[in-house]
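Raw contents of target-v7.cif, mmCIF, C-alpha atoms:
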```cif
data_run
#
loop_
_atom_site.label_atom_id
_atom_site.label_comp_id
_atom_site.auth_asym_id
_atom_site.auth_seq_id
_atom_site.Cartn_x
_atom_site.Cartn_y
_atom_site.Cartn_z
CA LEU A 286 23.66 79.97 -17.13
CA VAL A 287 25.51 79.40 -20.37
CA ASP A 288 28.93 78.38 -19.24
CA PRO A 289 31.43 80.94 -20.52
CA LEU A 290 34.22 78.56 -19.71
CA ASN A 291 33.11 75.95 -22.18
CA PRO A 292 35.10 76.41 -25.36
CA SER A 293 33.20 73.55 -26.99
CA ALA A 294 36.08 73.18 -29.31
CA ILE A 295 35.68 69.54 -30.18
CA GLY A 296 35.66 68.31 -33.74
CA GLY A 297 35.81 69.93 -37.11
CA THR A 298 38.81 70.09 -39.35
CA THR A 299 40.56 72.63 -37.17
CA ARG A 300 39.94 70.95 -33.89
CA THR A 301 40.67 73.95 -31.76
CA THR A 302 38.37 76.27 -33.64
CA LEU A 303 35.84 77.57 -31.19
CA ARG A 304 32.30 76.82 -32.15
CA ARG A 305 30.10 78.29 -29.50
CA ILE A 306 31.62 81.66 -28.69
CA PRO A 307 33.91 82.38 -31.61
CA GLU A 308 34.13 86.05 -30.65
CA LYS A 309 36.16 84.95 -27.66
CA ALA A 310 38.73 83.17 -29.78
CA VAL A 311 42.03 84.90 -30.28
CA THR A 312 44.49 83.64 -32.81
CA ASP A 313 47.32 85.94 -31.91
CA ARG A 314 50.41 83.98 -30.99
CA ALA A 315 51.62 86.70 -28.64
CA THR A 316 48.39 86.48 -26.65
CA LEU A 317 48.66 82.71 -26.44
CA ASN A 318 52.24 83.00 -25.24
CA ALA A 319 51.29 85.59 -22.63
CA VAL A 320 48.60 83.35 -21.14
CA LEU A 321 50.96 80.38 -20.98
CA ASP A 322 53.65 82.56 -19.41
CA ALA A 323 51.26 83.86 -16.74
CA GLY A 324 49.99 80.47 -15.53
CA LEU A 325 51.51 78.26 -12.86
CA VAL A 326 49.70 75.01 -13.50
CA ALA A 327 48.41 73.25 -16.61
CA HIS A 328 45.89 70.45 -16.86
CA VAL A 329 46.99 67.66 -19.16
CA GLY A 330 44.49 65.22 -20.58
CA MET A 331 45.29 61.80 -21.94
CA VAL A 332 43.41 58.59 -22.56
CA ASP A 333 43.82 55.13 -21.10
CA GLY A 334 41.57 52.71 -22.94
CA GLU A 335 38.48 54.85 -23.40
CA GLN A 336 38.89 56.66 -20.08
CA PRO A 337 40.23 60.22 -20.13
CA PHE A 338 42.43 61.41 -17.28
CA VAL A 339 43.12 65.03 -16.43
CA VAL A 340 46.07 65.80 -14.17
CA PRO A 341 47.59 69.07 -13.01
CA VAL A 342 51.24 69.61 -13.90
CA ALA A 343 53.87 72.30 -13.66
CA TYR A 344 54.98 73.49 -17.08
CA ALA A 345 56.89 76.12 -19.00
CA ARG A 346 56.73 77.56 -22.48
CA ASP A 347 59.87 77.17 -24.57
CA GLY A 348 59.34 79.26 -27.69
CA ASP A 349 56.70 77.54 -29.78
CA ARG A 350 56.42 74.49 -27.57
CA VAL A 351 55.33 73.69 -24.06
CA LEU A 352 57.34 71.59 -21.61
CA ILE A 353 56.19 69.45 -18.70
CA HIS A 354 58.21 67.23 -16.38
CA GLY A 355 57.45 64.22 -14.28
CA SER A 356 58.77 61.04 -12.76
CA THR A 357 60.25 58.47 -15.12
CA ALA A 358 58.38 55.92 -12.98
CA SER A 359 55.04 57.56 -13.73
CA ARG A 360 52.77 55.54 -15.99
CA LEU A 361 51.15 58.76 -17.16
CA PHE A 362 54.44 60.28 -18.20
CA ARG A 363 55.66 57.09 -19.85
CA SER A 364 52.45 56.99 -21.84
CA LEU A 365 52.80 60.63 -22.86
CA ALA A 366 56.47 60.08 -23.74
CA ALA A 367 55.39 57.22 -26.01
CA GLY A 368 53.37 59.71 -28.04
CA ALA A 369 49.83 59.29 -26.74
CA PRO A 370 47.46 62.00 -28.02
CA ALA A 371 47.31 64.73 -25.41
CA CYS A 372 45.64 68.01 -24.57
CA LEU A 373 47.21 70.68 -22.41
CA SER A 374 44.98 73.42 -21.02
CA VAL A 375 45.85 76.46 -18.95
CA THR A 376 43.09 78.57 -17.41
CA LEU A 377 43.52 81.87 -15.59
CA LEU A 378 40.47 83.22 -13.77
CA ASP A 379 40.34 87.00 -13.65
CA ALA A 380 36.92 87.94 -12.32
CA LEU A 381 33.36 86.98 -11.60
CA VAL A 382 30.95 88.68 -13.98
CA VAL A 383 27.90 89.46 -11.88
CA ALA A 384 25.10 90.04 -14.35
CA ARG A 385 21.46 90.87 -13.67
CA SER A 386 20.45 87.26 -14.27
CA ALA A 387 22.04 83.92 -13.52
CA PHE A 388 21.98 83.19 -17.24
CA GLU A 389 24.21 86.13 -18.16
CA SER A 390 26.53 85.76 -15.18
CA SER A 391 29.90 84.36 -16.10
CA MET A 392 33.63 84.79 -15.51
CA HIS A 393 36.50 86.70 -16.96
CA TYR A 394 39.18 84.25 -17.91
CA ARG A 395 42.11 83.65 -20.19
CA SER A 396 42.50 80.10 -21.41
CA VAL A 397 44.73 78.12 -23.73
CA MET A 398 44.05 74.68 -25.14
CA ALA A 399 46.80 72.89 -27.06
CA LEU A 400 46.43 69.53 -28.81
CA GLY A 401 49.27 67.29 -29.85
CA ARG A 402 51.69 64.62 -28.75
CA PHE A 403 54.63 64.96 -26.43
CA THR A 404 58.16 63.81 -27.14
CA GLU A 405 60.83 63.20 -24.53
CA LEU A 406 63.77 65.57 -24.40
CA THR A 407 67.24 64.10 -23.99
CA GLY A 408 70.77 65.29 -23.29
CA GLU A 409 71.26 69.02 -23.19
CA GLU A 410 67.59 69.63 -24.00
CA HIS A 411 66.56 67.56 -21.00
CA PHE A 412 68.71 69.71 -18.72
CA THR A 413 67.56 72.96 -20.31
CA GLY A 414 63.95 71.87 -20.00
CA LEU A 415 64.30 71.39 -16.26
CA ARG A 416 65.84 74.82 -15.99
CA LEU A 417 63.00 76.41 -17.94
CA ILE A 418 60.31 74.77 -15.79
CA THR A 419 62.07 75.82 -12.57
CA GLU A 420 62.53 79.33 -13.89
CA HIS A 421 58.92 79.57 -15.00
CA LEU A 422 57.72 78.94 -11.45
CA LEU A 423 60.35 81.05 -9.71
CA PRO A 424 62.49 83.18 -12.04
CA GLY A 425 66.10 83.35 -10.97
CA ARG A 426 65.92 80.29 -8.72
CA TRP A 427 67.93 77.99 -10.99
CA ASP A 428 71.17 79.88 -10.40
CA GLU A 429 70.58 80.09 -6.64
CA VAL A 430 70.61 76.34 -6.11
CA ARG A 431 72.98 73.49 -6.94
CA ALA A 432 72.77 71.75 -10.29
CA PRO A 433 70.64 68.60 -10.55
CA LEU A 434 72.40 65.39 -9.54
CA PRO A 435 72.72 62.56 -12.07
CA LYS A 436 70.21 60.48 -10.10
CA GLU A 437 67.76 63.38 -10.13
CA LEU A 438 68.11 63.77 -13.89
CA LYS A 439 67.55 60.04 -14.26
CA ALA A 440 64.40 60.19 -12.14
CA THR A 441 62.83 63.03 -14.09
CA MET A 442 61.71 63.15 -17.68
CA VAL A 443 60.95 66.30 -19.62
CA LEU A 444 58.36 66.20 -22.36
CA ALA A 445 57.75 68.78 -25.08
CA MET A 446 54.68 69.40 -27.22
CA ALA A 447 54.69 71.79 -30.18
CA LEU A 448 52.10 74.55 -30.00
CA ASP A 449 51.02 73.85 -33.57
CA GLU A 450 47.36 73.25 -32.84
CA ALA A 451 46.39 75.59 -30.07
CA SER A 452 43.76 78.18 -29.30
CA VAL A 453 43.52 80.98 -26.79
CA LYS A 454 40.35 82.54 -25.45
CA ILE A 455 39.96 85.78 -23.56
CA SER A 456 36.73 86.65 -21.82
CA ASP A 457 36.52 90.17 -20.46
CA GLY A 458 34.21 93.18 -20.48
CA PRO A 459 31.16 94.13 -18.44
CA PRO A 460 27.99 92.06 -18.10
CA ASP A 461 25.94 92.00 -21.27
CA ASP A 462 22.36 92.04 -20.03
CA PRO A 463 19.30 92.46 -22.24
CA ASP A 464 17.45 95.79 -22.00
CA ASP A 465 14.63 94.35 -19.91
CA ASP A 466 17.11 93.36 -17.23
CA VAL A 467 19.07 96.61 -17.38
CA ALA A 468 15.83 98.45 -16.64
CA GLY A 469 15.31 96.32 -13.54
CA ASP A 470 16.57 96.62 -9.99
CA ALA A 471 19.42 94.09 -10.00
CA TRP A 472 23.01 95.20 -9.57
CA ALA A 473 25.56 94.31 -12.25
CA GLY A 474 29.29 94.51 -12.37
CA VAL A 475 32.57 92.69 -12.28
CA LEU A 476 34.32 91.33 -9.21
CA PRO A 477 38.07 91.05 -9.91
CA LEU A 478 39.98 88.00 -8.73
CA THR A 479 43.65 88.38 -7.97
CA THR A 480 46.27 85.88 -6.96
CA SER A 481 49.17 87.10 -4.89
CA PHE A 482 52.06 85.79 -2.87
CA GLY A 483 52.03 86.14 0.90
CA SER A 484 54.99 86.47 3.25
CA PRO A 485 57.56 83.68 2.86
CA VAL A 486 57.59 81.07 5.63
CA GLU A 487 61.10 79.82 6.45
CA ALA A 488 61.70 76.08 6.57
CA PRO A 489 61.91 74.88 10.20
CA ASP A 490 65.39 73.48 9.48
CA LEU A 491 66.71 76.64 7.80
CA ARG A 492 70.16 77.44 9.14
CA ASP A 493 70.68 80.83 10.79
CA GLY A 494 71.85 83.74 8.72
CA ILE A 495 70.52 82.64 5.34
CA PRO A 496 68.55 85.55 3.86
CA ILE A 497 65.47 85.36 1.66
CA PRO A 498 66.84 84.95 -1.87
CA THR A 499 66.54 87.44 -4.69
CA SER A 500 64.16 85.16 -6.60
CA VAL A 501 61.63 85.09 -3.76
CA ASN A 502 61.94 88.81 -3.04
CA ALA A 503 61.29 89.56 -6.69
CA LEU A 504 57.91 87.80 -6.49
CA LEU A 505 56.97 89.84 -3.44
CA LYS A 506 57.53 93.19 -5.12
CA PRO A 507 54.35 95.24 -5.00
CA LEU B 126 62.32 68.39 -10.45
CA VAL B 127 59.86 65.62 -9.72
CA ASP B 128 56.53 67.12 -10.52
CA PRO B 129 54.51 67.22 -7.32
CA LEU B 130 51.40 67.91 -9.31
CA ASN B 131 51.47 64.63 -11.16
CA PRO B 132 49.12 62.24 -9.44
CA SER B 133 50.05 59.51 -11.94
CA ALA B 134 46.81 57.88 -11.10
CA ILE B 135 46.26 55.97 -14.31
CA GLY B 136 45.48 52.27 -14.40
CA GLY B 137 45.07 49.59 -11.83
CA THR B 138 41.83 48.16 -10.57
CA THR B 139 41.06 51.24 -8.56
CA ARG B 140 41.87 53.76 -11.24
CA THR B 141 42.15 56.71 -8.95
CA THR B 142 44.57 55.04 -6.57
CA LEU B 143 47.68 57.14 -6.52
CA ARG B 144 50.78 55.28 -7.52
CA ARG B 145 53.66 57.67 -7.29
CA ILE B 146 53.05 59.66 -4.13
CA PRO B 147 50.56 57.59 -2.17
CA GLU B 148 51.32 59.52 1.01
CA LYS B 149 49.59 62.46 -0.60
CA ALA B 150 46.38 60.55 -1.22
CA VAL B 151 43.50 61.28 1.08
CA THR B 152 40.44 59.09 1.08
CA ASP B 153 38.36 61.15 3.43
CA ARG B 154 35.10 62.17 1.80
CA ALA B 155 34.92 65.36 3.86
CA THR B 156 38.31 66.46 2.53
CA LEU B 157 37.25 65.73 -1.03
CA ASN B 158 34.07 67.72 -0.54
CA ALA B 159 35.97 70.64 0.97
CA VAL B 160 38.31 70.88 -2.03
CA LEU B 161 35.42 70.77 -4.48
CA ASP B 162 33.56 73.40 -2.47
CA ALA B 163 36.58 75.72 -2.43
CA GLY B 164 37.25 75.70 -6.20
CA LEU B 165 35.74 77.97 -8.81
CA VAL B 166 36.68 76.12 -11.98
CA ALA B 167 37.02 72.45 -12.90
CA HIS B 168 38.79 70.94 -15.88
CA VAL B 169 36.75 68.28 -17.63
CA GLY B 170 38.40 65.76 -19.90
CA MET B 171 36.68 63.76 -22.56
CA VAL B 172 37.67 61.93 -25.71
CA ASP B 173 36.77 62.48 -29.33
CA GLY B 174 38.10 59.61 -31.43
CA GLU B 175 41.45 59.09 -29.79
CA GLN B 176 42.00 62.76 -29.01
CA PRO B 177 41.50 63.96 -25.42
CA PHE B 178 40.09 67.42 -24.80
CA VAL B 179 40.36 69.32 -21.55
CA VAL B 180 38.04 72.28 -21.01
CA PRO B 181 37.48 74.56 -18.04
CA VAL B 182 33.96 74.66 -16.68
CA ALA B 183 32.05 76.16 -13.79
CA TYR B 184 30.68 73.50 -11.47
CA ALA B 185 29.09 72.80 -8.11
CA ARG B 186 29.00 69.87 -5.75
CA ASP B 187 25.56 68.49 -4.98
CA GLY B 188 26.01 66.00 -2.17
CA ASP B 189 27.86 63.00 -3.58
CA ARG B 190 27.79 64.21 -7.14
CA VAL B 191 29.24 67.07 -9.13
CA LEU B 192 27.26 69.27 -11.52
CA ILE B 193 28.36 71.20 -14.59
CA HIS B 194 26.32 73.22 -17.04
CA GLY B 195 26.73 74.26 -20.63
CA SER B 196 25.03 75.12 -23.85
CA THR B 197 22.64 72.57 -25.33
CA ALA B 198 24.25 73.50 -28.66
CA SER B 199 27.70 72.48 -27.45
CA ARG B 200 29.06 69.33 -29.03
CA LEU B 201 31.14 68.73 -25.90
CA PHE B 202 28.13 68.87 -23.64
CA ARG B 203 26.00 66.76 -25.96
CA SER B 204 28.72 64.14 -25.96
CA LEU B 205 29.02 64.22 -22.18
CA ALA B 206 25.24 64.05 -21.85
CA ALA B 207 25.27 60.93 -24.03
CA GLY B 208 27.44 59.24 -21.40
CA ALA B 209 30.97 59.58 -22.77
CA PRO B 210 33.64 58.56 -20.21
CA ALA B 211 34.82 61.70 -18.46
CA CYS B 212 37.26 62.99 -15.89
CA LEU B 213 36.67 66.06 -13.78
CA SER B 214 39.65 67.59 -11.97
CA VAL B 215 39.81 70.54 -9.60
CA THR B 216 43.18 71.93 -8.52
CA LEU B 217 43.78 74.60 -5.90
CA LEU B 218 47.30 76.01 -5.66
CA ASP B 219 48.26 77.10 -2.17
CA ALA B 220 51.99 77.84 -2.23
CA LEU B 221 55.32 77.50 -3.94
CA VAL B 222 57.63 75.17 -2.01
CA VAL B 223 61.07 76.69 -2.41
CA ALA B 224 63.51 73.91 -1.57
CA ARG B 225 67.30 73.97 -1.60
CA SER B 226 67.38 72.24 -4.97
CA ALA B 227 65.25 72.41 -8.08
CA PHE B 228 64.52 68.71 -7.66
CA GLU B 229 62.88 69.10 -4.25
CA SER B 230 61.06 72.31 -5.11
CA SER B 231 57.35 71.81 -5.59
CA MET B 232 53.96 73.28 -4.78
CA HIS B 233 51.36 73.05 -2.09
CA TYR B 234 48.11 72.10 -3.68
CA ARG B 235 44.79 70.43 -3.10
CA SER B 236 43.43 68.44 -6.00
CA VAL B 237 40.49 66.22 -6.79
CA MET B 238 40.15 63.85 -9.72
CA ALA B 239 36.81 62.18 -10.37
CA LEU B 240 36.13 59.59 -13.06
CA GLY B 241 32.75 58.63 -14.40
CA ARG B 242 30.02 59.49 -16.83
CA PHE B 243 27.63 62.41 -16.74
CA THR B 244 23.88 62.21 -17.03
CA GLU B 245 21.58 65.08 -17.96
CA LEU B 246 19.30 66.47 -15.29
CA THR B 247 15.71 67.23 -16.23
CA GLY B 248 12.68 68.98 -14.76
CA GLU B 249 13.05 70.15 -11.20
CA GLU B 250 16.59 68.74 -10.97
CA HIS B 251 17.61 70.83 -13.99
CA PHE B 252 16.37 73.98 -12.30
CA THR B 253 17.93 73.08 -8.94
CA GLY B 254 21.22 72.30 -10.65
CA LEU B 255 21.38 75.76 -12.18
CA ARG B 256 20.70 77.25 -8.78
CA LEU B 257 23.47 75.22 -7.16
CA ILE B 258 26.05 76.22 -9.78
CA THR B 259 25.11 79.90 -9.48
CA GLU B 260 25.19 79.69 -5.70
CA HIS B 261 28.56 77.92 -5.75
CA LEU B 262 30.16 80.83 -7.59
CA LEU B 263 28.36 83.58 -5.70
CA PRO B 264 26.38 82.40 -2.68
CA GLY B 265 23.11 84.26 -2.24
CA ARG B 266 22.99 85.52 -5.81
CA TRP B 267 20.18 83.25 -6.97
CA ASP B 268 17.58 84.99 -4.84
CA GLU B 269 18.82 88.45 -5.87
CA VAL B 270 18.05 87.97 -9.55
CA ARG B 271 15.04 86.96 -11.58
CA ALA B 272 14.30 83.32 -12.26
CA PRO B 273 15.61 81.78 -15.49
CA LEU B 274 13.37 82.27 -18.51
CA PRO B 275 12.04 79.23 -20.34
CA LYS B 276 14.33 79.98 -23.31
CA GLU B 277 17.31 80.16 -20.98
CA LEU B 278 16.45 76.81 -19.44
CA LYS B 279 16.11 75.37 -22.91
CA ALA B 280 19.51 76.72 -23.93
CA THR B 281 21.34 75.29 -20.93
CA MET B 282 21.84 71.70 -19.92
CA VAL B 283 22.94 70.55 -16.51
CA LEU B 284 24.98 67.37 -16.20
CA ALA B 285 25.68 65.35 -13.06
CA MET B 286 28.44 62.83 -12.32
CA ALA B 287 28.45 60.68 -9.19
CA LEU B 288 31.58 61.02 -7.08
CA ASP B 289 31.88 57.23 -6.85
CA GLU B 290 35.40 56.97 -8.21
CA ALA B 291 37.31 59.96 -6.99
CA SER B 292 40.53 60.80 -5.22
CA VAL B 293 41.77 63.83 -3.38
CA LYS B 294 45.38 64.81 -2.82
CA ILE B 295 46.77 67.35 -0.40
CA SER B 296 50.36 68.53 -0.62
CA ASP B 297 51.55 70.68 2.25
CA GLY B 298 54.40 70.96 4.71
CA PRO B 299 57.88 72.47 4.48
CA PRO B 300 60.55 71.54 1.91
CA ASP B 301 61.99 68.08 2.48
CA ASP B 302 65.66 68.50 1.58
CA PRO B 303 68.34 65.86 2.13
CA ASP B 304 70.88 66.56 4.91
CA ASP B 305 73.62 67.54 2.45
CA ASP B 306 71.45 70.33 1.12
CA VAL B 307 70.23 71.47 4.54
CA ALA B 308 73.87 71.95 5.51
CA GLY B 309 74.42 74.19 2.50
CA ASP B 310 73.83 77.88 1.92
CA ALA B 311 70.56 77.83 0.01
CA TRP B 312 67.40 79.32 1.51
CA ALA B 313 64.34 77.13 1.89
CA GLY B 314 60.75 77.87 2.73
CA VAL B 315 57.22 78.18 1.50
CA LEU B 316 55.73 81.08 -0.40
CA PRO B 317 51.95 81.18 0.15
CA LEU B 318 49.64 81.90 -2.75
CA THR B 319 46.30 83.52 -2.03
CA THR B 320 43.40 84.38 -4.26
CA SER B 321 41.21 87.27 -3.26
CA PHE B 322 38.47 89.44 -4.64
CA GLY B 323 39.18 93.08 -5.45
CA SER B 324 36.80 96.00 -5.36
CA PRO B 325 33.66 95.49 -7.46
CA VAL B 326 33.51 97.40 -10.74
CA GLU B 327 30.01 98.61 -11.58
CA ALA B 328 28.63 97.88 -15.04
CA PRO B 329 28.74 101.01 -17.22
CA ASP B 330 24.98 100.71 -17.76
CA LEU B 331 24.11 100.27 -14.07
CA ARG B 332 21.19 102.48 -13.15
CA ASP B 333 21.68 105.03 -10.40
CA GLY B 334 20.88 104.11 -6.85
CA ILE B 335 21.36 100.34 -7.08
CA PRO B 336 23.64 99.29 -4.21
CA ILE B 337 26.20 96.51 -4.24
CA PRO B 338 24.22 93.39 -3.34
CA THR B 339 24.60 91.32 -0.20
CA SER B 340 26.09 88.41 -2.15
CA VAL B 341 28.97 90.52 -3.47
CA ASN B 342 29.59 92.23 -0.15
CA ALA B 343 29.81 88.85 1.55
CA LEU B 344 32.70 87.83 -0.72
CA LEU B 345 34.53 91.04 0.12
CA LYS B 346 34.47 90.46 3.86
CA PRO B 347 38.02 90.43 5.23
#
```
Rewritten as structure tokens:
Amino acid sequence: LVDPLNPSAIGGTTRTTLRRIPEKAVTDRATLNAVLDAGLVAHVGMVDGEQPFVVPVAYARDGDRVLIHGSTASRLFRSLAAGAPACLSVTLLDALVVARSAFESSMHYRSVMALGRFTELTGEEHFTGLRLITEHLLPGRWDEVRAPLPKELKATMVLAMALDEASVKISDGPPDDPDDDVAGDAWAGVLPLTTSFGSPVEAPDLRDGIPIPTSVNALLKP
Amino acid sequence: LVDPLNPSAIGGTTRTTLRRIPEKAVTDRATLNAVLDAGLVAHVGMVDGEQPFVVPVAYARDGDRVLIHGSTASRLFRSLAAGAPACLSVTLLDALVVARSAFESSMHYRSVMALGRFTELTGEEHFTGLRLITEHLLPGRWDEVRAPLPKELKATMVLAMALDEASVKISDGPPDDPDDDVAGDAWAGVLPLTTSFGSPVEAPDLRDGIPIPTSVNALLKP
């Protein structure tokens, strides 16, 4: 029943140091990067008054920083662009851990939590940021479609946050039941969770003779 | 390039009213319940000083409230139990929307954002809450395993937040490209994303002759 997904990372001098399950903390930058590169959606937290808000966003990693984009008309994004303290979390679920008790049951997951403030990218960086976010979701797509129009660039801001204060946690391995439970009659194991892409569904207004693009086919590779 | 995952819900008298894409807002309670019931992980936001933190947690819906559980030694959970303002978000990704431009490309998703404060459940409600969270992750499992031990109950708190101030958003449908782009040569469509369970992996210390339980088999049904 102890929630394996609770990093309980709040407070302390290093704010992302994991207090409850430090053995799950990984400080390796390559591991952190790999988790960020594998996710599709991040949850960004920010504060309005004393109320926290958590919203899902598309994102991309750009070296040692993370990028998000949103409407220039969005109050959330304007607040983030103004430097409000923020938290960006990415969680990948890999399996249910089915232990011999509810208490020891948990999940396999990989999660990143990054603290910091965003800054708005301008000029060439703005354009490159949009490309990176598009390419993160669907590699190769950027070069298959037209360039953004000036009005589209104007409508969309790109924000960057340095990954200076970030932690990554990996939970894996079999259930860890006490001896009394292992000697009992309950089953124990791991039930893997996988996310996969199904067959592409053409847009109803797709013109005849336009094949599925390389970018989409690449995602469908077994 | 406009982020479809940004609800931009901050501010206003009804704080969860969606400002940017109101057509995606759904006020139906049944829809909200269905999204919460379909998710495995929630992201909970809370504030320490002026810093927001966003952590993944297991959860369950209990009627018109949502339950989470965590270690009684967790600073995060103690703070939430003390009534700190919180936000709980659940996001389900259903597809990539591959439009004819980066700007119009987006995702299909279902997302819930709930604002409020948690209270700690005690006595019978504490016990029932643990059952509901276990059953949410793996229906039927509670009755297959032993009851929680007193020390396990003591180590785990269950928190409840009323779903009084919550919104649900559903993004679906084909790409919505302008006529100029539809007339062009780019492909457009939707690429479905599905999450499924793989074959169970027995614990290395599983005793001989213990079959895969009904709860696990039920999740594997095609």
Per-residue nearest contacts range 216-291 of chain B to range 419-428 of chain A, cut-off 10 Å, using all atoms listed in the file, as JSON lines:
```
{"residue": "B:Leu221", "atom": "CA", "partner": "A:Leu422", "partner_atom": "CA", "distance": 8.0}
{"residue": "B:Val223", "atom": "CA", "partner": "A:Leu423", "partner_atom": "CA", "distance": 8.5}
{"residue": "B:Ala224", "atom": "CA", "partner": "A:Arg426", "partner_atom": "CA", "distance": 9.9}
{"residue": "B:Arg225", "atom": "CA", "partner": "A:Arg426", "partner_atom": "CA", "distance": 9.6}
{"residue": "B:Ser226", "atom": "CA", "partner": "A:Trp427", "partner_atom": "CA", "distance": 8.3}
{"residue": "B:Ala227", "atom": "CA", "partner": "A:Thr419", "partner_atom": "CA", "distance": 6.5}
{"residue": "B:Phe228", "atom": "CA", "partner": "A:Thr419", "partner_atom": "CA", "distance": 9.0}
{"residue": "B:Ser230", "atom": "CA", "partner": "A:Thr419", "partner_atom": "CA", "distance": 8.3}
{"residue": "B:Ser231", "atom": "CA", "partner": "A:Leu422", "partner_atom": "CA", "distance": 9.2}
{"residue": "B:Met232", "atom": "CA", "partner": "A:Leu422", "partner_atom": "CA", "distance": 9.5}
```
message: Could you tell me, as JSON, numbers by chain, exactly which residues end up selected when the PyMOL selection byres ((chain A and resi 464-480) around 8) is applied to this structure?
response: {"A": [378, 379, 380, 381, 382, 383, 384, 385, 386, 459, 460, 462, 463, 481, 482], "B": [269, 270, 318, 319, 320, 321, 322, 323, 324, 325, 326, 327, 328, 330, 331, 332, 335, 336, 337, 338, 341]}
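The coordinates place CA of Thr247 in chain B at 14.9 Å from CA of Leu205 in chain B.
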- line: Closest of A:Leu444, A:Leu321, A:Ala345, A:Leu438 to chain B, counting only C-alpha atoms, is A:Leu438
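For the atom pair formed by CA of Val397 in chain A and CA of Val375 in chain A, the distance is 5.2 Å, given to one decimal.
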Give me, as a PDB file with C-alpha atoms, in the coordinates of the input, all polymer residues having an atom no more than 6 Å from range 166-180 of chain B, counting all atoms listed in the file and skipping those fewer than 2 positions away in the same chain.
```pdb
ATOM      1  CA  GLY A 330      44.490  65.220 -20.580  1.00  0.00           C
ATOM      2  CA  MET A 331      45.290  61.800 -21.940  1.00  0.00           C
ATOM      3  CA  PRO A 337      40.230  60.220 -20.130  1.00  0.00           C
ATOM      4  CA  VAL A 339      43.120  65.030 -16.430  1.00  0.00           C
ATOM      5  CA  PRO A 370      47.460  62.000 -28.020  1.00  0.00           C
ATOM      6  CA  ALA A 371      47.310  64.730 -25.410  1.00  0.00           C
ATOM      7  CA  CYS A 372      45.640  68.010 -24.570  1.00  0.00           C
TER       8      CYS A 372
ATOM      9  CA  GLY B 164      37.250  75.700  -6.200  1.00  0.00           C
ATOM     10  CA  VAL B 182      33.960  74.660 -16.680  1.00  0.00           C
ATOM     11  CA  ALA B 183      32.050  76.160 -13.790  1.00  0.00           C
ATOM     12  CA  ALA B 211      34.820  61.700 -18.460  1.00  0.00           C
ATOM     13  CA  CYS B 212      37.260  62.990 -15.890  1.00  0.00           C
ATOM     14  CA  LEU B 213      36.670  66.060 -13.780  1.00  0.00           C
ATOM     15  CA  SER B 214      39.650  67.590 -11.970  1.00  0.00           C
ATOM     16  CA  VAL B 215      39.810  70.540  -9.600  1.00  0.00           C
TER      17      VAL B 215
END
```
message: Give me the residues near Glu410 in chain A as number ranges by chain, where near means some atom within 12 Å (using only C-alpha atoms) and where sequence neighbours in that chain fewer than 3 positions away do not count.
response: A: 347, 352, 404-407, 413-417, 438, 442-445
message: I'd like to see the residues matched by the PyMOL selection byres ((chain B and resi 203) around 12) on this file, and ideally I'd get them as number ranges by chain.
response: A: 293, 295; B: 171, 194-202, 204-209, 243-245, 281-284
- prompt: the PyMOL selection byres ((chain B and resi 287) around 9) on the file shown: which residues, as a ChimeraX atom specification?
  reply: /B:189-192,239-243,285-286,288-290
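Relative to CA of Lys454 in chain A, CA of Lys279 in chain B is found at 25.4 Å.
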Enclose all atoms of range 152-156 of chain B listed in the file in an axis-aligned box, grow every side by 4 Å, and hand back centre and edge lengths in Å to one decimal, as AutoDock Vina command-line options.
```
--center_x 37.7 --center_y 62.8 --center_z 2.5 --size_x 13.5 --size_y 15.4 --size_z 10.8
```
- line: Counting all atoms listed in the file, closest pick from B:Glu229, B:Ile258, B:Tyr184, B:Leu345 relative to Ala432 in chain A is B:Glu229
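Proximity ranking of A:Leu317, A:Leu325, A:Pro341, A:Glu409 relative to chain B places A:Pro341 first, based on all atoms listed in the file.
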- request: With all atoms listed in the file counted, which protein, DNA or RNA residues have an atom no more than 6 Å from (31.5, 69.8, -3.1) in the file frame? Please answer as number ranges by chain.
  value: B: 158, 161-162, 186
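Nearest to chain A of all the residues B:Lys276, B:Thr216, B:Lys346, B:Phe252 is B:Thr216, based on all atoms listed in the file.
When only C-alpha atoms are used to compute distances to chain B, the closest of the residues A:Ala440, A:Ile455, A:Ala315, A:Ala503 turns out to be A:Ala440.
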